[in-house]
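Listing of upload.pdb; format and content: PDB, C-alpha atoms.
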```pdb
ATOM      1  CA  MET A   1     119.374-217.471-189.118
ATOM      2  CA  LYS A   2     121.201-219.044-186.194
ATOM      3  CA  ILE A   3     124.099-217.215-184.567
ATOM      4  CA  ASN A   4     127.117-218.719-182.829
ATOM      5  CA  PHE A   5     127.441-216.080-180.108
ATOM      6  CA  LYS A   6     130.902-217.200-178.999
ATOM      7  CA  GLY A   7     132.064-216.992-182.607
ATOM      8  CA  LEU A   8     130.531-213.528-182.858
ATOM      9  CA  VAL A   9     132.463-212.351-179.805
ATOM     10  CA  ASP A  10     135.664-213.874-181.200
ATOM     11  CA  LEU A  11     135.323-211.716-184.317
ATOM     12  CA  HIS A  12     135.878-208.594-182.212
ATOM     13  CA  VAL A  13     139.255-207.378-180.971
ATOM     14  CA  LEU A  14     140.021-205.501-177.767
ATOM     15  CA  PRO A  15     143.107-203.366-178.505
ATOM     16  CA  SER A  16     145.962-204.086-176.097
ATOM     17  CA  THR A  17     146.402-200.320-175.765
ATOM     18  CA  GLU A  18     142.819-199.902-174.464
ATOM     19  CA  PRO A  19     142.338-202.512-171.725
ATOM     20  CA  LEU A  20     139.827-200.260-169.953
ATOM     21  CA  LEU A  21     137.572-199.957-173.001
ATOM     22  CA  PRO A  22     134.935-202.240-171.397
ATOM     23  CA  LEU A  23     134.776-199.853-168.431
ATOM     24  CA  TYR A  24     134.444-196.845-170.733
ATOM     25  CA  GLU A  25     131.567-198.547-172.556
ATOM     26  CA  ALA A  26     129.765-199.169-169.267
ATOM     27  CA  ILE A  27     130.270-195.571-168.157
ATOM     28  CA  VAL A  28     128.938-194.189-171.452
ATOM     29  CA  ASN A  29     125.900-196.462-171.105
ATOM     30  CA  SER A  30     125.321-195.043-167.624
ATOM     31  CA  ILE A  31     125.686-191.462-168.841
ATOM     32  CA  GLN A  32     123.142-192.049-171.608
ATOM     33  CA  SER A  33     120.764-193.789-169.200
ATOM     34  CA  ILE A  34     120.917-190.783-166.875
ATOM     35  CA  GLU A  35     120.357-188.440-169.829
ATOM     36  CA  GLU A  36     117.294-190.475-170.795
ATOM     37  CA  SER A  37     115.900-190.262-167.261
ATOM     38  CA  GLY A  38     116.010-186.466-167.317
ATOM     39  CA  ILE A  39     117.128-186.223-163.681
ATOM     40  CA  LYS A  40     119.462-183.458-162.498
ATOM     41  CA  ASN A  41     121.203-185.417-159.739
ATOM     42  CA  GLY A  42     122.756-188.085-161.932
ATOM     43  CA  ARG A  43     125.466-190.143-160.263
ATOM     44  CA  ILE A  44     127.797-192.952-161.307
ATOM     45  CA  ASP A  45     129.750-194.940-158.700
ATOM     46  CA  ILE A  46     132.627-197.130-159.839
ATOM     47  CA  GLU A  47     134.228-199.653-157.500
ATOM     48  CA  ILE A  48     137.476-201.439-158.307
ATOM     49  CA  GLN A  49     137.762-204.886-156.702
ATOM     50  CA  ARG A  50     141.213-206.439-156.621
ATOM     51  CA  GLU A  51     142.690-209.922-156.320
ATOM     52  CA  SER A  52     142.322-210.818-152.653
ATOM     53  CA  GLN A  53     145.237-213.252-152.547
ATOM     54  CA  MET A  54     147.656-210.419-153.292
ATOM     55  CA  HIS A  55     146.830-208.532-150.096
ATOM     56  CA  LEU A  56     149.582-210.470-148.318
ATOM     57  CA  PHE A  57     152.040-207.934-149.686
ATOM     58  CA  GLY A  58     150.557-205.143-147.580
ATOM     59  CA  GLU A  59     147.987-202.406-147.898
ATOM     60  CA  GLU A  60     150.214-200.240-150.075
ATOM     61  CA  TRP A  61     150.667-202.966-152.676
ATOM     62  CA  GLU A  62     148.668-202.188-155.802
ATOM     63  CA  THR A  63     147.160-205.478-156.867
ATOM     64  CA  ASP A  64     145.605-206.538-160.146
ATOM     65  CA  ILE A  65     141.978-205.730-160.860
ATOM     66  CA  GLU A  66     139.584-208.669-160.578
ATOM     67  CA  ASN A  67     136.127-207.054-160.914
ATOM     68  CA  ILE A  68     134.703-203.619-161.680
ATOM     69  CA  ILE A  69     131.292-202.540-160.383
ATOM     70  CA  ILE A  70     129.459-199.639-162.065
ATOM     71  CA  LYS A  71     126.288-198.250-160.515
ATOM     72  CA  ASP A  72     124.074-195.429-161.801
ATOM     73  CA  ASN A  73     120.676-193.899-161.106
ATOM     74  CA  GLY A  74     119.525-193.675-164.702
ATOM     75  CA  VAL A  75     116.384-194.964-166.369
ATOM     76  CA  GLY A  76     117.537-198.597-166.194
ATOM     77  CA  PHE A  77     116.885-201.744-168.199
ATOM     78  CA  ASN A  78     113.274-201.170-169.140
ATOM     79  CA  LYS A  79     111.793-203.187-171.981
ATOM     80  CA  GLN A  80     113.153-200.921-174.716
ATOM     81  CA  ASN A  81     116.658-200.739-173.284
ATOM     82  CA  PHE A  82     116.816-204.456-172.586
ATOM     83  CA  GLU A  83     115.693-205.349-176.106
ATOM     84  CA  SER A  84     118.371-203.007-177.430
ATOM     85  CA  PHE A  85     120.982-204.710-175.236
ATOM     86  CA  ASP A  86     119.822-208.130-176.412
ATOM     87  CA  THR A  87     120.060-207.149-180.098
ATOM     88  CA  TYR A  88     123.478-207.277-181.722
ATOM     89  CA  ALA A  89     124.369-204.157-183.761
ATOM     90  CA  THR A  90     121.148-202.476-182.692
ATOM     91  CA  ASP A  91     120.511-199.037-184.170
ATOM     92  CA  PHE A  92     118.658-197.874-181.028
ATOM     93  CA  LYS A  93     121.373-195.319-180.138
ATOM     94  CA  LEU A  94     122.710-194.772-183.632
ATOM     95  CA  SER A  95     121.917-191.062-183.417
ATOM     96  CA  LYS A  96     124.337-190.834-180.472
ATOM     97  CA  GLY A  97     127.133-192.434-182.454
ATOM     98  CA  CYS A  98     126.716-195.868-180.859
ATOM     99  CA  LYS A  99     127.264-198.925-183.052
ATOM    100  CA  GLY A 100     125.394-201.336-180.800
ATOM    101  CA  VAL A 101     128.382-203.620-180.129
ATOM    102  CA  GLY A 102     130.042-202.006-177.106
ATOM    103  CA  ARG A 103     128.843-204.624-174.629
ATOM    104  CA  ILE A 104     130.692-207.275-176.669
ATOM    105  CA  MET A 105     133.909-205.624-175.423
ATOM    106  CA  TRP A 106     132.875-206.600-171.887
ATOM    107  CA  LEU A 107     133.278-210.244-172.823
ATOM    108  CA  LYS A 108     136.646-209.647-174.462
ATOM    109  CA  ALA A 109     138.038-208.723-171.064
ATOM    110  CA  PHE A 110     135.768-210.267-168.410
ATOM    111  CA  SER A 111     134.520-213.815-168.004
ATOM    112  CA  ARG A 112     131.030-212.834-166.889
ATOM    113  CA  VAL A 113     128.797-209.794-166.507
ATOM    114  CA  GLU A 114     125.924-209.463-164.042
ATOM    115  CA  ILE A 115     123.171-206.855-164.380
ATOM    116  CA  ASP A 116     120.808-205.753-161.613
ATOM    117  CA  SER A 117     118.428-202.952-162.600
ATOM    118  CA  ILE A 118     115.448-201.332-160.890
ATOM    119  CA  TYR A 119     113.283-199.377-163.336
ATOM    120  CA  GLU A 120     109.829-197.866-163.640
ATOM    121  CA  CYS A 121     107.156-198.696-166.199
ATOM    122  CA  GLU A 122     103.609-197.314-166.193
ATOM    123  CA  ASN A 123     103.877-196.230-162.551
ATOM    124  CA  LYS A 124     105.075-199.652-161.435
ATOM    125  CA  PHE A 125     108.579-200.721-160.437
ATOM    126  CA  TYR A 126     110.460-203.782-161.623
ATOM    127  CA  ASN A 127     113.768-205.447-160.822
ATOM    128  CA  ARG A 128     115.417-207.011-163.860
ATOM    129  CA  LYS A 129     118.419-209.264-163.227
ATOM    130  CA  PHE A 130     120.388-211.286-165.743
ATOM    131  CA  ALA A 131     123.824-212.598-166.585
ATOM    132  CA  PHE A 132     125.811-212.125-169.778
ATOM    133  CA  ASP A 133     128.639-214.414-170.840
ATOM    134  CA  ILE A 134     130.346-215.753-173.942
ATOM    135  CA  ASN A 135     128.793-219.220-173.776
ATOM    136  CA  ASN A 136     125.168-218.294-173.094
ATOM    137  CA  ALA A 137     124.814-214.636-174.147
ATOM    138  CA  VAL A 138     121.935-213.237-172.023
ATOM    139  CA  ASN A 139     120.873-215.854-169.458
ATOM    140  CA  ASP A 140     119.325-216.457-166.027
ATOM    141  CA  MET A 141     117.004-213.486-166.359
ATOM    142  CA  VAL A 142     114.293-212.585-163.873
ATOM    143  CA  ASN A 143     112.065-209.528-164.110
ATOM    144  CA  ASP A 144     109.905-209.143-161.030
ATOM    145  CA  GLU A 145     107.574-206.371-159.956
ATOM    146  CA  ILE A 146     108.641-204.803-156.665
ATOM    147  CA  GLU A 147     107.024-202.406-154.221
ATOM    148  CA  ASN A 148     108.362-198.913-153.419
ATOM    149  CA  PRO A 149     112.109-199.269-153.951
ATOM    150  CA  LYS A 150     114.332-196.728-152.167
ATOM    151  CA  GLU A 151     115.744-195.625-155.513
ATOM    152  CA  LYS A 152     116.008-196.622-159.144
ATOM    153  CA  THR A 153     119.508-197.925-159.769
ATOM    154  CA  THR A 154     121.312-200.091-162.277
ATOM    155  CA  THR A 155     124.411-202.054-161.293
ATOM    156  CA  VAL A 156     126.725-203.624-163.865
ATOM    157  CA  ARG A 157     129.253-206.084-162.472
ATOM    158  CA  LEU A 158     132.172-206.848-164.781
ATOM    159  CA  MET A 159     133.466-210.059-163.222
ATOM    160  CA  GLY A 160     136.719-211.961-163.631
ATOM    161  CA  LEU A 161     139.197-209.826-165.565
ATOM    162  CA  MET A 162     141.113-212.183-167.831
ATOM    163  CA  SER A 163     144.809-212.757-167.166
ATOM    164  CA  LYS A 164     145.863-211.665-170.636
ATOM    165  CA  ILE A 165     144.165-208.299-170.066
ATOM    166  CA  LYS A 166     145.447-207.745-166.521
ATOM    167  CA  ARG A 167     149.051-207.213-167.511
ATOM    168  CA  ASN A 168     148.131-204.148-169.586
ATOM    169  CA  THR A 169     145.497-202.751-167.232
ATOM    170  CA  PRO A 170     146.502-199.812-164.997
ATOM    171  CA  LYS A 171     146.217-200.392-161.255
ATOM    172  CA  LYS A 172     146.420-196.919-159.717
ATOM    173  CA  LEU A 173     143.093-195.208-159.072
ATOM    174  CA  THR A 174     144.589-191.894-160.180
ATOM    175  CA  THR A 175     145.591-193.408-163.520
ATOM    176  CA  ILE A 176     142.184-195.001-164.032
ATOM    177  CA  ALA A 177     140.447-191.711-163.169
ATOM    178  CA  ARG A 178     142.646-189.840-165.642
ATOM    179  CA  ASP A 179     141.932-192.368-168.397
ATOM    180  CA  ILE A 180     138.172-192.167-167.764
ATOM    181  CA  PHE A 181     138.337-188.378-168.008
ATOM    182  CA  ASN A 182     140.346-188.488-171.251
ATOM    183  CA  HIS A 183     138.106-191.060-172.914
ATOM    184  CA  CYS A 184     134.833-189.386-171.874
ATOM    185  CA  PHE A 185     136.080-185.819-172.287
ATOM    186  CA  VAL A 186     133.283-184.850-174.684
ATOM    187  CA  TYR A 187     130.772-185.624-171.927
ATOM    188  CA  PHE A 188     132.756-183.835-169.225
ATOM    189  CA  ILE A 189     132.556-180.500-171.040
ATOM    190  CA  THR A 190     128.744-180.498-170.925
ATOM    191  CA  ASN A 191     126.808-178.995-168.049
ATOM    192  CA  ASP A 192     124.591-182.044-167.663
ATOM    193  CA  MET A 193     127.415-184.508-166.947
ATOM    194  CA  PRO A 194     126.546-186.694-163.923
ATOM    195  CA  GLN A 195     128.800-186.869-160.892
ATOM    196  CA  ILE A 196     131.279-189.766-161.142
ATOM    197  CA  TYR A 197     132.993-191.334-158.138
ATOM    198  CA  LEU A 198     135.769-193.929-158.249
ATOM    199  CA  LYS A 199     136.918-195.989-155.289
ATOM    200  CA  ASP A 200     138.979-199.011-154.372
ATOM    201  CA  GLU A 201     137.327-201.554-152.096
ATOM    202  CA  ASN A 202     140.382-201.425-149.810
ATOM    203  CA  ASP A 203     140.613-197.639-149.725
ATOM    204  CA  SER A 204     138.313-195.518-147.589
ATOM    205  CA  SER A 205     138.876-192.545-149.887
ATOM    206  CA  THR A 206     136.861-191.891-153.010
ATOM    207  CA  SER A 207     138.079-190.083-156.111
ATOM    208  CA  HIS A 208     135.592-187.548-157.424
ATOM    209  CA  ILE A 209     136.202-187.467-161.183
ATOM    210  CA  ARG A 210     133.544-184.811-161.682
TER     211      ARG A 210
END
```
As structure tokens:
Amino acid sequence: MKINFKGLVDLHVLPSTEPLLPLYEAIVNSIQSIEESGIKNGRIDIEIQRESQMHLFGEEWETDIENIIIKDNGVGFNKQNFESFDTYATDFKLSKGCKGVGRIMWLKAFSRVEIDSIYECENKFYNRKFAFDINNAVNDMVNDEIENPKEKTTTVRLMGLMSKIKRNTPKKLTTIARDIFNHCFVYFITNDMPQIYLKDENDSSTSHIR
């Protein structure tokens, strides 16, 4: 059976009251990846990148979000996790309450997603990179073996926040941090919750959510 991926994405709705839902989905993915890795020093770094042309208004001006970068040190996009990502409505994480469609929300708000993941398999390390967009689904993938990486990390780049989403999306880091905490509260009350840091590319300070 052939699938019109763009039509599949169009069937889903991103509630106007939850413009940050794509970010929440990425964070939950990172939390679960860190859980799967079994490490005790789990960390998630979130960087908000804003519209550069708006900087003319001064450093204190809170501009619209353009991109969001999420980086974690979890298990990464190994074969099993990639195949789960590439399968719509996968039941891979059904036991965790996941419906297998969260990444579709990324494309309801952002024009393109870029993945860069370093993972380990059978005592070897690999770097899997690919793009994800509404016209091509998963595309431009490479999966190369690499030697002795400094660390295993996965970076998800949510690129090009759509104009219709921007007007409802909060701009303040404090508001975004609060919304992340509220949405992921069930994870925050566990002892194994990774450290989460939120920063603005134009702000030297970093908000430590947990």
Hits of the PyMOL selection byres ((chain A and resi 168) around 9) in this structure, as a PDB file with C-alpha atoms, keeping the file's coordinate frame:
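Result file is selection31.pdb:
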```pdb
ATOM      1  CA  SER A  16     145.962-204.086-176.097  1.00  0.00           C
ATOM      2  CA  THR A  17     146.402-200.320-175.765  1.00  0.00           C
ATOM      3  CA  GLU A  18     142.819-199.902-174.464  1.00  0.00           C
ATOM      4  CA  PRO A  19     142.338-202.512-171.725  1.00  0.00           C
ATOM      5  CA  LYS A 164     145.863-211.665-170.636  1.00  0.00           C
ATOM      6  CA  ILE A 165     144.165-208.299-170.066  1.00  0.00           C
ATOM      7  CA  LYS A 166     145.447-207.745-166.521  1.00  0.00           C
ATOM      8  CA  ARG A 167     149.051-207.213-167.511  1.00  0.00           C
ATOM      9  CA  THR A 169     145.497-202.751-167.232  1.00  0.00           C
ATOM     10  CA  PRO A 170     146.502-199.812-164.997  1.00  0.00           C
TER      11      PRO A 170
END
```
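Atom pair CA of Ala131 (chain A) / CA of Gly74 (chain A) has a distance of 19.5 Å (rounded to one decimal).
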Between CA of Asn182 (chain A) and CA of Val101 (chain A), distance in Å (one decimal): 21.2 Å
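In this model, the gap between CA of Ser163 (chain A) and CA of Leu107 (chain A) comes to 13.1 Å.
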Selection: 12 Å around Glu51 (chain A), all atoms listed in the file, excl. self and same-chain fewer than 5 positions, as a PyMOL selection string: chain A and resi 56-57+61-68+159-163+166+171+200-202
For those residues, write C-alpha atoms to a file as a short mmCIF file (atom, residue, chain, number, x, y, z; two decimals), keeping the file's coordinate frame.
```cif
data_model
loop_
_atom_site.label_atom_id
_atom_site.label_comp_id
_atom_site.auth_asym_id
_atom_site.auth_seq_id
_atom_site.Cartn_x
_atom_site.Cartn_y
_atom_site.Cartn_z
CA LEU A 56 149.58 -210.47 -148.32
CA PHE A 57 152.04 -207.93 -149.69
CA TRP A 61 150.67 -202.97 -152.68
CA GLU A 62 148.67 -202.19 -155.80
CA THR A 63 147.16 -205.48 -156.87
CA ASP A 64 145.60 -206.54 -160.15
CA ILE A 65 141.98 -205.73 -160.86
CA GLU A 66 139.58 -208.67 -160.58
CA ASN A 67 136.13 -207.05 -160.91
CA ILE A 68 134.70 -203.62 -161.68
CA MET A 159 133.47 -210.06 -163.22
CA GLY A 160 136.72 -211.96 -163.63
CA LEU A 161 139.20 -209.83 -165.56
CA MET A 162 141.11 -212.18 -167.83
CA SER A 163 144.81 -212.76 -167.17
CA LYS A 166 145.45 -207.74 -166.52
CA LYS A 171 146.22 -200.39 -161.26
CA ASP A 200 138.98 -199.01 -154.37
CA GLU A 201 137.33 -201.55 -152.10
CA ASN A 202 140.38 -201.42 -149.81
#
```
The PyMOL selection byres ((chain A and resi 152) around 6) on the file shown: which residues, as a PDB file with C-alpha atoms, in the coordinates of the input?
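Saved to selection_22.pdb:
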```pdb
ATOM      1  CA  ASN A  73     120.676-193.899-161.106  1.00  0.00           C
ATOM      2  CA  ILE A 118     115.448-201.332-160.890  1.00  0.00           C
ATOM      3  CA  TYR A 119     113.283-199.377-163.336  1.00  0.00           C
ATOM      4  CA  GLU A 151     115.744-195.625-155.513  1.00  0.00           C
ATOM      5  CA  THR A 153     119.508-197.925-159.769  1.00  0.00           C
TER       6      THR A 153
END
```
Reference answer for the PyMOL selection byres ((chain A and resi 121) around 12), as a ChimeraX atom specification: /A:75-80,118-120,122-128,144-146,152
From A:Ile44, A:Ile3, A:Leu158, A:Ile176, residue lying nearest Phe110 (chain A) [only C-alpha atoms]: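 For Phe110 (chain A), the nearest of the given residues is A:Leu158.
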All residues 12 Å or closer to Val156 (chain A), only C-alpha atoms, same chain fewer than 6 positions away omitted, as a PyMOL selection string: chain A and resi 22-23+25-27+29-30+44-47+67-73+76-77+103+106+112-118+128-132
Close residues, Lys40 (chain A) itself excluded, 12 Å, only C-alpha atoms, min 2 positions apart in chain, as a count of residues only: 15
Which of A:Ile196, A:Ile39, A:Met1, A:Leu20 sits closest to Thr175 (chain A) [using all atoms listed in the file]: A:Leu20
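Distances here use all atoms listed in the file; by that measure, the residue among A:Ile209, A:Val28, A:Met105, A:Val138 closest to Val186 (chain A) is A:Val28.
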Proximity to Thr154 (chain A) - best of A:Leu21, A:Ser33, A:Asn135, A:Phe85, all atoms listed in the file: A:Ser33
